[in-house]
$ cat protein-v4.txt   # compact mmCIF, C-alpha atoms
# COMPACT_ATOMS: atom_id res chain seq x y z
CA MET P 1 -5.02 92.36 -17.29
CA SER P 2 -4.57 89.81 -20.06
CA LYS P 3 -4.20 86.19 -19.11
CA TRP P 4 -1.10 84.06 -19.49
CA ARG P 5 -1.59 81.90 -22.58
CA VAL P 6 -0.75 78.28 -21.81
CA MET P 7 -0.33 75.28 -24.10
CA THR P 8 -0.53 71.82 -22.48
CA VAL P 9 1.00 68.74 -24.06
CA ASP P 10 0.34 65.31 -22.58
CA ASP P 11 -0.67 61.99 -24.13
CA SER P 12 -3.05 61.56 -21.19
CA ALA P 13 -6.46 63.15 -21.78
CA ALA P 14 -7.02 62.84 -18.04
CA ILE P 15 -4.04 65.08 -17.24
CA LEU P 16 -5.11 67.62 -19.87
CA THR P 17 -8.58 67.66 -18.29
CA ILE P 18 -7.18 68.08 -14.79
CA ILE P 19 -4.83 70.92 -15.79
CA ALA P 20 -7.63 72.71 -17.66
CA ALA P 21 -9.87 72.39 -14.59
CA TYR P 22 -7.13 73.60 -12.24
CA LEU P 23 -6.47 76.67 -14.40
CA GLU P 24 -10.14 77.61 -14.76
CA ASP P 25 -10.98 81.01 -13.27
CA SER P 26 -7.29 81.81 -12.83
CA GLU P 27 -4.98 84.26 -14.52
CA PHE P 28 -4.01 81.45 -16.93
CA GLU P 29 -5.85 80.42 -20.07
CA VAL P 30 -5.31 77.10 -21.84
CA ILE P 31 -5.26 78.14 -25.48
CA ALA P 32 -4.16 74.75 -26.85
CA ALA P 33 -3.98 71.17 -25.64
CA GLU P 34 -2.17 68.49 -27.62
CA ARG P 35 -1.70 64.78 -26.99
CA ASP P 36 1.19 64.28 -29.36
CA GLY P 37 4.64 65.88 -29.58
CA ILE P 38 4.64 66.42 -33.35
CA MET P 39 1.26 68.16 -33.28
CA ALA P 40 2.45 70.18 -30.30
CA VAL P 41 5.39 71.61 -32.26
CA GLU P 42 3.07 72.67 -35.10
CA ARG P 43 0.61 74.20 -32.67
CA PHE P 44 3.39 76.02 -30.86
CA ALA P 45 4.52 77.60 -34.14
CA GLN P 46 0.96 78.84 -34.77
CA GLU P 47 -0.04 79.97 -31.30
CA ARG P 48 3.23 81.04 -29.66
CA PRO P 49 1.92 80.51 -26.11
CA ASP P 50 3.53 82.23 -23.11
CA ILE P 51 4.05 78.93 -21.28
CA VAL P 52 4.21 75.35 -22.54
CA LEU P 53 3.51 72.54 -20.05
CA LEU P 54 5.06 69.48 -21.63
CA ASP P 55 4.86 65.82 -20.61
CA LEU P 56 8.14 63.91 -20.73
CA ILE P 57 7.05 60.35 -21.45
CA MET P 58 4.91 60.24 -24.58
CA PRO P 59 4.55 57.73 -27.39
CA GLY P 60 6.30 58.71 -30.63
CA GLN P 61 8.18 61.96 -30.21
CA SER P 62 9.34 62.22 -26.59
CA GLY P 63 9.06 65.27 -24.38
CA VAL P 64 12.76 66.10 -24.73
CA GLU P 65 12.61 65.84 -28.56
CA THR P 66 9.50 68.03 -28.55
CA LEU P 67 11.25 70.51 -26.28
CA GLU P 68 14.25 70.71 -28.63
CA ARG P 69 12.02 71.31 -31.67
CA ILE P 70 10.06 74.02 -29.91
CA LEU P 71 13.30 75.73 -28.90
CA ALA P 72 14.51 75.48 -32.49
CA ILE P 73 11.48 77.57 -33.48
CA ASP P 74 11.83 80.00 -30.59
CA PRO P 75 14.94 79.80 -28.38
CA ASP P 76 13.15 81.95 -25.78
CA ALA P 77 10.14 79.63 -25.52
CA PHE P 78 9.14 79.06 -21.90
CA VAL P 79 8.75 75.32 -21.62
CA VAL P 80 8.12 73.48 -18.36
CA ILE P 81 8.33 69.71 -18.07
CA VAL P 82 5.49 68.02 -16.18
CA SER P 83 6.23 64.38 -15.47
CA SER P 84 5.66 61.52 -13.05
CA LEU P 85 9.37 60.73 -13.41
CA GLY P 86 11.40 62.79 -10.97
CA THR P 87 14.81 61.17 -11.17
CA GLU P 88 17.86 63.42 -11.00
CA GLU P 89 18.87 62.15 -14.40
CA ALA P 90 15.54 63.12 -15.96
CA VAL P 91 15.44 66.54 -14.34
CA HIS P 92 19.04 67.21 -15.37
CA GLU P 93 18.38 66.13 -18.96
CA CYS P 94 15.31 68.37 -19.24
CA LEU P 95 16.93 71.42 -17.74
CA THR P 96 20.11 71.08 -19.80
CA SER P 97 17.95 70.65 -22.90
CA GLY P 98 16.41 74.06 -22.25
CA ALA P 99 13.35 73.45 -20.03
CA ARG P 100 12.83 76.33 -17.61
CA SER P 101 11.42 74.23 -14.80
CA PHE P 102 10.21 70.78 -13.84
CA LEU P 103 7.03 69.71 -12.01
CA GLN P 104 6.56 66.16 -10.80
CA LYS P 105 3.14 64.50 -10.95
CA PRO P 106 0.96 64.02 -9.04
CA PHE P 107 0.15 67.49 -7.75
CA THR P 108 -2.78 69.21 -6.08
CA ARG P 109 -4.65 72.19 -7.50
CA ASP P 110 -3.16 74.56 -4.92
CA ASP P 111 0.38 73.31 -5.48
CA PHE P 112 -0.10 73.59 -9.23
CA ILE P 113 -1.46 77.14 -9.10
CA ASP P 114 1.35 78.16 -6.73
CA PHE P 115 3.86 76.61 -9.11
CA MET P 116 2.34 78.45 -12.09
CA ARG P 117 2.33 81.76 -10.21
CA ASP P 118 5.98 81.28 -9.29
CA LEU P 119 6.70 80.69 -12.97
CA THR P 120 5.17 84.02 -13.94
CA GLN P 121 7.71 85.78 -11.74
CA VAL P 122 10.43 84.64 -14.12
CA ALA P 123 8.55 84.15 -17.41
CA MET K 1 -7.52 40.13 4.48
CA PHE K 2 -9.34 42.41 6.88
CA PHE K 3 -10.76 41.03 10.14
CA GLY K 4 -14.36 41.33 8.92
CA GLN K 5 -13.55 39.35 5.79
CA TYR K 6 -11.79 36.76 7.94
CA LEU K 7 -14.88 36.36 10.12
CA LEU K 8 -17.02 36.00 7.01
CA SER K 9 -14.65 33.44 5.46
CA LYS K 10 -14.70 31.38 8.68
CA GLY K 11 -18.49 31.47 8.80
CA ALA K 12 -18.40 33.32 12.13
CA VAL K 13 -20.79 35.96 10.79
CA ASN K 14 -23.00 36.17 7.74
CA ARG K 15 -22.86 38.81 5.02
CA GLU K 16 -25.80 40.83 6.38
CA ALA K 17 -24.24 41.04 9.86
CA LEU K 18 -20.93 42.20 8.41
CA ILE K 19 -22.57 44.83 6.20
CA SER K 20 -24.56 46.11 9.17
CA ALA K 21 -21.38 46.35 11.28
CA ILE K 22 -19.49 48.18 8.52
CA GLU K 23 -22.39 50.62 8.13
CA ARG K 24 -22.25 51.31 11.85
CA GLN K 25 -18.50 51.95 11.57
CA ARG K 26 -19.10 54.39 8.71
CA LYS K 27 -21.38 56.43 10.95
CA THR K 28 -19.09 56.52 13.97
CA ASN K 29 -15.54 56.22 12.62
CA LEU K 30 -14.98 59.72 11.31
CA SER K 31 -11.66 60.85 9.93
CA VAL K 32 -9.87 63.66 11.71
CA VAL K 33 -10.76 65.87 8.72
CA ASP K 34 -14.50 65.14 9.13
CA LEU K 35 -14.21 65.87 12.84
CA ALA K 36 -12.43 69.16 12.12
CA VAL K 37 -15.25 70.23 9.77
CA ARG K 38 -17.87 69.20 12.33
CA ASP K 39 -16.00 71.17 14.97
CA GLY K 40 -15.88 74.21 12.70
CA CYS K 41 -12.10 74.56 12.72
CA ILE K 42 -11.92 74.11 8.96
CA ASP K 43 -14.51 74.61 6.22
CA PRO K 44 -15.55 71.91 3.70
CA GLN K 45 -13.44 73.52 0.97
CA CYS K 46 -10.34 73.32 3.13
CA ALA K 47 -11.23 69.69 3.96
CA GLU K 48 -11.42 68.90 0.23
CA GLY K 49 -8.00 70.52 -0.21
CA ILE K 50 -6.55 68.35 2.56
CA LEU K 51 -8.07 65.19 1.09
CA THR K 52 -6.81 66.06 -2.39
CA ARG K 53 -3.30 66.56 -1.02
CA TYR K 54 -3.62 63.30 0.88
CA ARG K 55 -4.46 61.46 -2.35
CA THR K 56 -1.74 63.04 -4.37
CA THR K 57 1.24 63.36 -2.03
CA ASP K 58 3.08 61.26 0.52
CA ALA K 59 1.88 63.42 3.44
CA GLY K 60 -0.29 61.98 6.23
CA LEU K 61 -3.67 63.40 7.24
CA GLU K 62 -2.46 64.75 10.59
CA GLU K 63 0.49 66.51 8.99
CA LEU K 64 -1.83 68.04 6.36
CA CYS K 65 -4.30 69.22 9.01
CA LEU K 66 -1.49 71.07 10.74
CA GLU K 67 0.24 72.49 7.68
CA TYR K 68 -2.57 73.01 5.17
CA GLY K 69 -5.58 73.21 7.49
CA LYS K 70 -3.77 75.52 9.95
CA ILE K 71 -5.21 73.54 12.85
CA SER K 72 -3.19 74.03 16.04
CA ARG K 73 -1.35 71.06 17.56
CA GLU K 74 -3.55 71.30 20.66
CA LYS K 75 -6.76 71.28 18.63
CA LEU K 76 -5.56 68.35 16.55
CA ASP K 77 -4.72 66.37 19.70
CA GLU K 78 -8.22 67.10 21.01
CA LEU K 79 -9.78 65.91 17.72
CA LEU K 80 -7.65 62.76 17.82
CA ARG K 81 -8.82 62.06 21.38
CA ILE K 82 -12.44 62.45 20.25
CA GLN K 83 -11.75 60.19 17.27
CA ARG K 84 -10.27 57.47 19.50
CA SER K 85 -13.16 57.68 21.95
CA GLN K 86 -15.76 57.29 19.18
CA TRP K 87 -13.93 54.73 17.06
CA VAL K 88 -15.70 51.37 16.84
CA ARG K 89 -13.75 48.34 15.63
CA ILE K 90 -15.50 45.72 13.58
CA GLY K 91 -15.48 43.18 16.43
CA ALA K 92 -17.06 45.69 18.81
CA ALA K 93 -19.73 46.54 16.25
CA LEU K 94 -20.57 42.83 15.88
CA ILE K 95 -20.76 42.41 19.66
CA HIS K 96 -23.00 45.47 19.90
CA SER K 97 -25.36 44.11 17.25
CA GLY K 98 -25.51 40.78 19.09
CA HIS K 99 -23.93 38.71 16.32
CA LEU K 100 -20.87 37.71 18.35
CA THR K 101 -19.96 37.55 22.03
CA CYS K 102 -16.87 39.19 23.49
CA ASP K 103 -15.23 35.78 23.98
CA GLN K 104 -15.92 34.79 20.38
CA VAL K 105 -14.36 38.00 19.07
CA GLU K 106 -11.26 37.50 21.22
CA GLU K 107 -10.88 33.93 20.05
CA HIS K 108 -11.25 34.82 16.38
CA LEU K 109 -8.97 37.84 16.76
CA ALA K 110 -6.19 35.69 18.20
CA ALA K 111 -6.53 33.23 15.30
CA PHE K 112 -6.68 36.13 12.80
CA ASP K 113 -3.52 37.73 14.23
CA GLU K 114 -1.72 34.41 13.97
CA SER K 115 -2.84 33.94 10.37
CA GLN K 116 -1.64 37.50 9.57
CA ARG K 117 1.77 36.80 11.12
CA GLU K 118 2.11 33.69 8.99
CA ALA K 119 0.91 35.56 5.89
CA ASN K 120 3.46 38.32 6.46
CA GLN K 121 6.27 35.78 6.89
CA GLN K 122 5.15 34.09 3.70
CA LEU K 123 5.07 37.46 1.89
CA ALA K 124 8.64 38.23 3.00
CA ALA K 125 9.78 34.78 1.80
CA ASP K 126 7.92 35.19 -1.50
CA PHE K 127 9.54 38.56 -2.10
CA CYS K 128 12.97 36.97 -1.54
CA ALA K 129 12.13 34.18 -3.95
CA SER K 130 10.95 36.48 -6.73
CA LYS K 131 13.22 37.41 -9.63
CA ASP K 132 15.00 40.66 -8.76
CA PRO K 133 13.42 40.86 -5.29
CA GLU K 134 14.53 44.39 -4.33
CA THR K 135 13.03 45.97 -7.43
CA VAL K 136 9.87 43.85 -7.31
CA LYS K 137 9.35 44.72 -3.64
CA THR K 138 9.84 48.45 -4.23
CA VAL K 139 7.47 48.51 -7.20
CA ILE K 140 4.76 46.48 -5.46
CA GLU K 141 4.91 48.34 -2.15
CA LEU K 142 4.90 51.73 -3.85
CA SER K 143 2.01 50.67 -6.08
CA VAL K 144 0.00 49.52 -3.04
CA PHE K 145 0.69 52.88 -1.41
CA HIS K 146 -0.54 54.80 -4.45
CA LEU K 147 -3.51 52.48 -4.94
CA GLN K 148 -4.65 53.35 -1.42
CA ARG K 149 -4.50 57.03 -2.24
CA PHE K 150 -6.18 56.59 -5.62
CA THR K 151 -9.07 54.55 -4.18
CA ASN K 152 -9.57 56.63 -1.06
CA GLY K 153 -9.80 53.50 1.05
CA PRO K 154 -7.94 50.68 2.72
CA VAL K 155 -5.67 48.61 0.49
CA LYS K 156 -3.90 45.50 1.67
CA LEU K 157 -1.27 43.35 0.03
CA LEU K 158 -2.30 39.77 0.70
CA THR K 159 -0.17 37.27 -1.18
CA LEU K 160 2.47 36.93 -3.82
CA SER K 161 2.47 33.97 -6.11
CA THR K 162 3.80 32.89 -9.45
CA ASP K 163 1.59 32.51 -12.46
CA GLY K 164 1.77 33.04 -16.19
CA GLY K 165 0.46 36.59 -15.96
CA VAL K 166 -2.88 35.71 -17.49
CA LEU K 167 -5.52 38.42 -17.22
CA ALA K 168 -8.58 37.21 -15.31
CA SER K 169 -11.95 37.38 -17.00
CA GLY K 170 -13.86 40.65 -16.63
CA ARG K 171 -10.74 42.71 -16.06
CA ARG K 172 -8.60 45.12 -18.00
CA ARG K 173 -4.85 45.42 -17.66
CA TYR K 174 -3.17 48.83 -17.20
CA ALA K 175 0.59 48.52 -17.59
CA GLN K 176 3.82 50.38 -18.02
CA LYS K 177 7.26 49.24 -19.13
CA LEU K 178 10.29 50.50 -17.19
CA VAL K 179 13.62 50.21 -19.00
CA GLY K 180 17.24 51.05 -18.16
CA ASP K 181 19.51 49.05 -15.85
CA GLY K 182 16.85 46.35 -16.08
CA GLU K 183 13.61 45.81 -17.90
CA LEU K 184 10.28 45.23 -16.24
CA TYR K 185 6.60 45.97 -16.48
CA CYS K 186 4.28 46.95 -13.66
CA ALA K 187 0.63 46.20 -14.30
CA LEU K 188 -2.72 46.58 -12.56
CA ASP K 189 -5.49 44.18 -13.53
CA LEU K 190 -8.75 45.88 -12.51
CA PRO K 191 -12.47 45.22 -12.75
CA SER K 192 -14.16 48.06 -14.64
CA GLN K 193 -16.13 49.27 -11.63
CA LEU K 194 -12.94 49.87 -9.65
CA ALA K 195 -11.19 51.39 -12.67
CA THR K 196 -14.09 53.84 -13.04
CA MET K 197 -13.92 54.71 -9.35
CA ILE K 198 -10.17 55.36 -9.55
CA ALA K 199 -10.66 57.49 -12.67
CA GLU K 200 -13.40 59.59 -11.05
CA ILE K 201 -11.35 60.17 -7.91
CA PHE K 202 -8.30 61.03 -10.02
CA ILE K 203 -10.01 63.48 -12.40
CA GLY K 204 -12.70 64.71 -10.04
CA ILE K 205 -15.61 64.35 -12.48
CA PRO K 206 -17.93 61.43 -13.40
CA VAL K 207 -16.64 59.29 -16.28
CA GLU K 208 -18.24 56.65 -18.48
CA GLU K 209 -17.43 53.08 -17.37
CA ASP K 210 -14.86 51.54 -19.72
CA GLY K 211 -14.82 54.78 -21.72
CA GLU K 212 -11.68 56.33 -23.17
CA VAL K 213 -11.38 58.93 -20.40
CA ALA K 214 -11.68 56.30 -17.65
CA ILE K 215 -9.07 54.05 -19.28
CA ASP K 216 -6.78 56.99 -19.92
CA ALA K 217 -7.07 58.20 -16.31
CA VAL K 218 -6.14 54.79 -14.88
CA CYS K 219 -3.20 54.60 -17.31
CA GLU K 220 -2.07 57.93 -15.90
CA CYS K 221 -2.34 56.52 -12.38
CA VAL K 222 -0.11 53.61 -13.46
CA ASN K 223 2.23 56.16 -15.02
CA ILE K 224 2.47 57.93 -11.66
CA MET K 225 3.17 54.62 -9.90
CA GLY K 226 5.84 53.71 -12.47
CA GLY K 227 7.46 57.14 -12.53
CA ASN K 228 7.58 57.29 -8.75
CA ALA K 229 9.06 53.78 -8.62
CA CYS K 230 11.84 54.91 -10.97
CA THR K 231 12.48 57.92 -8.75
CA ARG K 232 12.62 55.70 -5.64
CA LEU K 233 14.88 53.09 -7.27
CA GLU K 234 17.32 55.75 -8.46
CA ALA K 235 18.24 56.32 -4.80
CA SER K 236 19.58 52.76 -4.64
CA GLY K 237 21.57 53.24 -7.82
CA PHE K 238 19.13 51.42 -10.11
CA ARG K 239 18.25 53.56 -13.09
CA LEU K 240 15.01 52.99 -14.91
CA ARG K 241 12.91 55.12 -17.19
CA PRO K 242 9.18 54.64 -17.80
CA GLN K 243 7.71 54.24 -21.25
CA PRO K 244 4.17 55.42 -22.06
CA PRO K 245 1.56 53.38 -20.16
CA PHE K 246 -0.96 51.28 -22.04
CA SER K 247 -4.15 49.36 -21.47
CA THR K 248 -5.14 45.99 -22.85
CA GLU K 249 -7.78 43.29 -22.59
CA GLY K 250 -5.12 40.75 -23.57
CA ASN K 251 -2.24 39.16 -21.66
CA GLU K 252 0.67 41.24 -22.89
CA PRO K 253 3.44 41.46 -21.80
CA ALA K 254 3.08 37.94 -20.37
CA GLY K 255 4.65 36.23 -23.40
CA GLU K 256 7.69 38.46 -23.69
CA MET K 257 8.93 38.43 -20.06
CA GLN K 258 10.61 35.61 -18.13
CA SER K 259 8.71 35.85 -14.88
CA CYS K 260 5.63 37.41 -13.40
CA THR K 261 5.18 38.18 -9.70
CA PRO K 262 1.50 38.75 -9.06
CA ALA K 263 0.43 40.38 -5.83
CA PHE K 264 -3.15 39.87 -4.76
CA VAL K 265 -4.46 43.09 -3.28
CA MET K 266 -7.74 44.04 -1.65
CA ALA K 267 -8.79 47.63 -2.34
CA GLY K 268 -11.86 48.08 -0.19
CA ASP K 269 -14.30 45.48 -1.48
CA PHE K 270 -12.46 44.97 -4.76
CA GLU K 271 -9.87 42.39 -5.67
CA VAL K 272 -6.90 43.66 -7.66
CA ASP K 273 -4.06 41.79 -9.31
CA LEU K 274 -0.92 43.86 -9.17
CA ARG K 275 1.77 42.33 -11.33
CA VAL K 276 5.45 42.89 -11.90
CA PHE K 277 6.81 41.23 -15.03
CA VAL K 278 10.61 40.85 -15.05
$ encode --input "protein-v4.txt" --output "structure tokens"
Amino acid sequence: MSKWRVMTVDDSAAILTIIAAYLEDSEFEVIAAERDGIMAVERFAQERPDIVLLDLIMPGQSGVETLERILAIDPDAFVVIVSSLGTEEAVHECLTSGARSFLQKPFTRDDFIDFMRDLTQVA
Amino acid sequence: MFFGQYLLSKGAVNREALISAIERQRKTNLSVVDLAVRDGCIDPQCAEGILTRYRTTDAGLEELCLEYGKISREKLDELLRIQRSQWVRIGAALIHSGHLTCDQVEEHLAAFDESQREANQQLAADFCASKDPETVKTVIELSVFHLQRFTNGPVKLLTLSTDGGVLASGRRRYAQKLVGDGELYCALDLPSQLATMIAEIFIGIPVEEDGEVAIDAVCECVNIMGGNACTRLEASGFRLRPQPPFSTEGNEPAGEMQSCTPAFVMAGDFEVDLRVFV
């Protein structure tokens, strides 16, 4: 069975490292990791991953702006916001902007894998 | 201040005696998770899962043992009874090693409790006197909570004071701006050894001291503190949004903000300055 191709976008190298470690030996494969929203949009256009895990608070182009540009390329893109900010306002903004789901940091490996597996039921 | 540090500061015990007593505590004072592994009711991998959840969520250890470790309530109660029966407090360890008598410990403990009561009253008064006390209190208390989880050890808020927000020598500042209904920064001023420890606990792999990965990981910890503070404050109708965290060896944002409430925090053996700039 082929793996789910995942792109991670976070200005924090630590979070990218943690997500890559959590997804090791799972049915998910990190095919791209970007620390900047503009680069992430370019990479999305090239790679067309199955799932994009996108940070909300980033320097320069924000998560929501990045989300909108990705959806402009592919309206069916499956983008999930991963953020330490879990306010109702933020969640509402992300979901109405087209994000499919929202995961609040911090999270454990088991919670993260469970979350990802739940995503694949609808992706 | 912890009781052992109090005894040291009062000259009641010397450093060697305190270290010896702490080492004795480390051998006898096992967490309920360690006891569960020793008892064979969970395996080390499950214990690691519980500890990871403990570091990264609001859940307590007992709750996690029941829910994640699948330990029965009866078994957990038995483990807690064993824990209580084996637990050695610092005063008892010092009596056992012959450094203090029972009467001396009781006398110092009474004085320590009194000093803690006064310190807590002072803290409450200082919070009230700070600029925007409700927000400052929420941010500081939540940051202390997360710091405890990120350092895997005891963390205690000792004092609040007012200063110019100057970074102490040998430290690096990790900060985040929160903007919306108000504007503030939360900042952690950390010695590099503690920052490295936090980074390694957070990522789960060794990192180079003062390296990019270590700095980045601590920034992410501050981001989690800031983001969670925004989430908490939203419940009281105060809307804030975090901006990307940053790290500096300078004093920013000291010059740009009107006031700085520094909280002096002990994280294990390390001193931390936790600051809220308003």
$ closest_residue --input "protein-v4.txt" --among "P:Glu68, P:Asp114, P:Glu89, P:Glu24" --to "chain K" --atoms "only C-alpha atoms"
P:Glu89
$ interface_residues --input "protein-v4.txt" --of "chain P" --to "chain K" --cutoff "9 Å" --atoms "all atoms listed in the file" --output "JSON, numbers by chain"
{"P": [11, 12, 13, 14, 15, 17, 18, 57, 58, 59, 83, 84, 85, 86, 87, 88, 89, 90, 105, 106, 107, 108, 109, 110, 111]}
$ closest_residue --input "protein-v4.txt" --among "P:Ala32, P:Cys94, P:Pro49, P:Asp76" --to "P:Trp4" --atoms "only C-alpha atoms"
P:Pro49
$ axis_aligned_box --input "protein-v4.txt" --around "stretch 96-111 of chain P" --padding-each-side "6 Å" --output "lines of an AutoDock Vina configuration file"
center_x = 7.7
center_y = 70.2
center_z = -13.9
size_x = 36.8
size_y = 24.3
size_z = 30.0
$ atom_distance --input "protein-v4.txt" --atom1 "atom CA of K:Arg24" --atom2 "atom CA of K:Trp87"
10.4 Å
$ closest_residue --input "protein-v4.txt" --among "K:Pro253, K:Gly237, K:Gly182, K:Gly69" --to "K:Cys46" --atoms "all atoms listed in the file"
K:Gly69
$ closest_residue --input "protein-v4.txt" --among "P:Val52, P:Glu47, P:Glu34, P:Leu95" --to "P:Val64" --atoms "only C-alpha atoms"
P:Leu95
$ closest_residue --input "protein-v4.txt" --among "P:Gly60, P:Leu119, P:Ile113, P:Arg48" --to "P:Val80" --atoms "all atoms listed in the file"
P:Leu119
$ closest_residue --input "protein-v4.txt" --among "K:Arg275, K:Arg15, K:Arg26, K:Arg117" --to "K:Leu167" --atoms "all atoms listed in the file"
K:Arg275
$ residues_around --input "protein-v4.txt" --residues "K:Arg89" --least-positions-apart "6" --cutoff "12 Å" --atoms "only C-alpha atoms" --output "PyMOL selection string"
chain K and resi 2-4+18+21-26+28-29+95-96+105+109
$ atom_distance --input "protein-v4.txt" --atom1 "atom CA of K:Thr159" --atom2 "atom CA of K:Glu249"
23.5 Å
$ atom_distance --input "protein-v4.txt" --atom1 "atom CA of K:Ala47" --atom2 "atom CA of K:Cys65"
8.6 Å
$ residues_around --input "protein-v4.txt" --residues "stretch 96-100 of chain P" --least-positions-apart "4" --cutoff "9 Å" --atoms "only C-alpha atoms" --output "PDB file with C-alpha atoms, in the frame of the given file"
ATOM      1  CA  VAL P  64      12.760  66.100 -24.730  1.00  0.00           C
ATOM      2  CA  LEU P  67      11.250  70.510 -26.280  1.00  0.00           C
ATOM      3  CA  GLU P  68      14.250  70.710 -28.630  1.00  0.00           C
ATOM      4  CA  LEU P  71      13.300  75.730 -28.900  1.00  0.00           C
ATOM      5  CA  PRO P  75      14.940  79.800 -28.380  1.00  0.00           C
ATOM      6  CA  ALA P  77      10.140  79.630 -25.520  1.00  0.00           C
ATOM      7  CA  PHE P  78       9.140  79.060 -21.900  1.00  0.00           C
ATOM      8  CA  VAL P  79       8.750  75.320 -21.620  1.00  0.00           C
ATOM      9  CA  VAL P  80       8.120  73.480 -18.360  1.00  0.00           C
ATOM     10  CA  ILE P  81       8.330  69.710 -18.070  1.00  0.00           C
ATOM     11  CA  VAL P  91      15.440  66.540 -14.340  1.00  0.00           C
ATOM     12  CA  HIS P  92      19.040  67.210 -15.370  1.00  0.00           C
ATOM     13  CA  LEU P 119       6.700  80.690 -12.970  1.00  0.00           C
ATOM     14  CA  ALA P 123       8.550  84.150 -17.410  1.00  0.00           C
TER      15      ALA P 123
END
$ residues_near_point --input "protein-v4.txt" --point "(-3.5, 51.2, -2.9)" --cutoff "12 Å" --atoms "all atoms listed in the file" --output "PyMOL selection string"
chain K and resi 55+140-157+188+194+198+221-222+225+263-268+270-274
$ residues_near_point --input "protein-v4.txt" --point "(-5.6, 82.9, -19.1)" --cutoff "8 Å" --atoms "only C-alpha atoms" --output "VMD selection string"
chain P and resid 2 to 6 23 26 to 31
$ decode --input "protein-v4.txt" --residues "stretch 37-87 of chain P" --atoms "C-alpha atoms" --output "PDB file, in the first residue's frame"
ATOM      1  CA  GLY P  37       4.877  30.155   3.528  1.00  0.00           C
ATOM      2  CA  ILE P  38       6.019  31.437   0.120  1.00  0.00           C
ATOM      3  CA  MET P  39       8.349  28.478  -0.408  1.00  0.00           C
ATOM      4  CA  ALA P  40       5.581  26.176   0.788  1.00  0.00           C
ATOM      5  CA  VAL P  41       3.214  27.372  -1.952  1.00  0.00           C
ATOM      6  CA  GLU P  42       5.869  26.735  -4.613  1.00  0.00           C
ATOM      7  CA  ARG P  43       6.641  23.320  -3.190  1.00  0.00           C
ATOM      8  CA  PHE P  44       2.970  22.449  -3.032  1.00  0.00           C
ATOM      9  CA  ALA P  45       2.593  23.256  -6.737  1.00  0.00           C
ATOM     10  CA  GLN P  46       5.493  20.907  -7.544  1.00  0.00           C
ATOM     11  CA  GLU P  47       4.771  18.026  -5.201  1.00  0.00           C
ATOM     12  CA  ARG P  48       0.975  18.037  -4.809  1.00  0.00           C
ATOM     13  CA  PRO P  49       1.064  16.228  -1.445  1.00  0.00           C
ATOM     14  CA  ASP P  50      -1.973  14.348  -0.119  1.00  0.00           C
ATOM     15  CA  ILE P  51      -1.950  16.274   3.161  1.00  0.00           C
ATOM     16  CA  VAL P  52      -0.429  19.627   4.100  1.00  0.00           C
ATOM     17  CA  LEU P  53       0.275  20.311   7.798  1.00  0.00           C
ATOM     18  CA  LEU P  54       0.506  24.074   8.024  1.00  0.00           C
ATOM     19  CA  ASP P  55       1.576  26.293  10.920  1.00  0.00           C
ATOM     20  CA  LEU P  56      -0.594  29.358  11.515  1.00  0.00           C
ATOM     21  CA  ILE P  57       1.822  31.859  13.033  1.00  0.00           C
ATOM     22  CA  MET P  58       4.816  32.326  10.746  1.00  0.00           C
ATOM     23  CA  PRO P  59       6.975  35.316   9.876  1.00  0.00           C
ATOM     24  CA  GLY P  60       6.238  36.852   6.468  1.00  0.00           C
ATOM     25  CA  GLN P  61       3.349  35.086   4.793  1.00  0.00           C
ATOM     26  CA  SER P  62       0.985  33.831   7.498  1.00  0.00           C
ATOM     27  CA  GLY P  63      -0.587  30.396   7.656  1.00  0.00           C
ATOM     28  CA  VAL P  64      -3.971  31.676   6.481  1.00  0.00           C
ATOM     29  CA  GLU P  65      -2.415  33.513   3.497  1.00  0.00           C
ATOM     30  CA  THR P  66      -0.456  30.376   2.634  1.00  0.00           C
ATOM     31  CA  LEU P  67      -3.622  28.308   2.926  1.00  0.00           C
ATOM     32  CA  GLU P  68      -5.480  30.634   0.541  1.00  0.00           C
ATOM     33  CA  ARG P  69      -2.674  30.485  -2.047  1.00  0.00           C
ATOM     34  CA  ILE P  70      -2.504  26.713  -1.884  1.00  0.00           C
ATOM     35  CA  LEU P  71      -6.266  26.498  -2.366  1.00  0.00           C
ATOM     36  CA  ALA P  72      -5.983  28.870  -5.325  1.00  0.00           C
ATOM     37  CA  ILE P  73      -3.705  26.286  -6.954  1.00  0.00           C
ATOM     38  CA  ASP P  74      -5.849  23.323  -5.963  1.00  0.00           C
ATOM     39  CA  PRO P  75      -9.269  23.965  -4.385  1.00  0.00           C
ATOM     40  CA  ASP P  76      -9.344  20.319  -3.236  1.00  0.00           C
ATOM     41  CA  ALA P  77      -6.022  20.533  -1.394  1.00  0.00           C
ATOM     42  CA  PHE P  78      -6.214  18.868   2.006  1.00  0.00           C
ATOM     43  CA  VAL P  79      -4.702  21.399   4.364  1.00  0.00           C
ATOM     44  CA  VAL P  80      -4.662  21.035   8.143  1.00  0.00           C
ATOM     45  CA  ILE P  81      -3.660  23.864  10.457  1.00  0.00           C
ATOM     46  CA  VAL P  82      -1.271  22.948  13.271  1.00  0.00           C
ATOM     47  CA  SER P  83      -0.928  25.742  15.804  1.00  0.00           C
ATOM     48  CA  SER P  84      -0.300  26.553  19.442  1.00  0.00           C
ATOM     49  CA  LEU P  85      -3.139  29.072  19.176  1.00  0.00           C
ATOM     50  CA  GLY P  86      -6.474  27.385  19.809  1.00  0.00           C
ATOM     51  CA  THR P  87      -8.824  30.321  20.163  1.00  0.00           C
TER      52      THR P  87
END
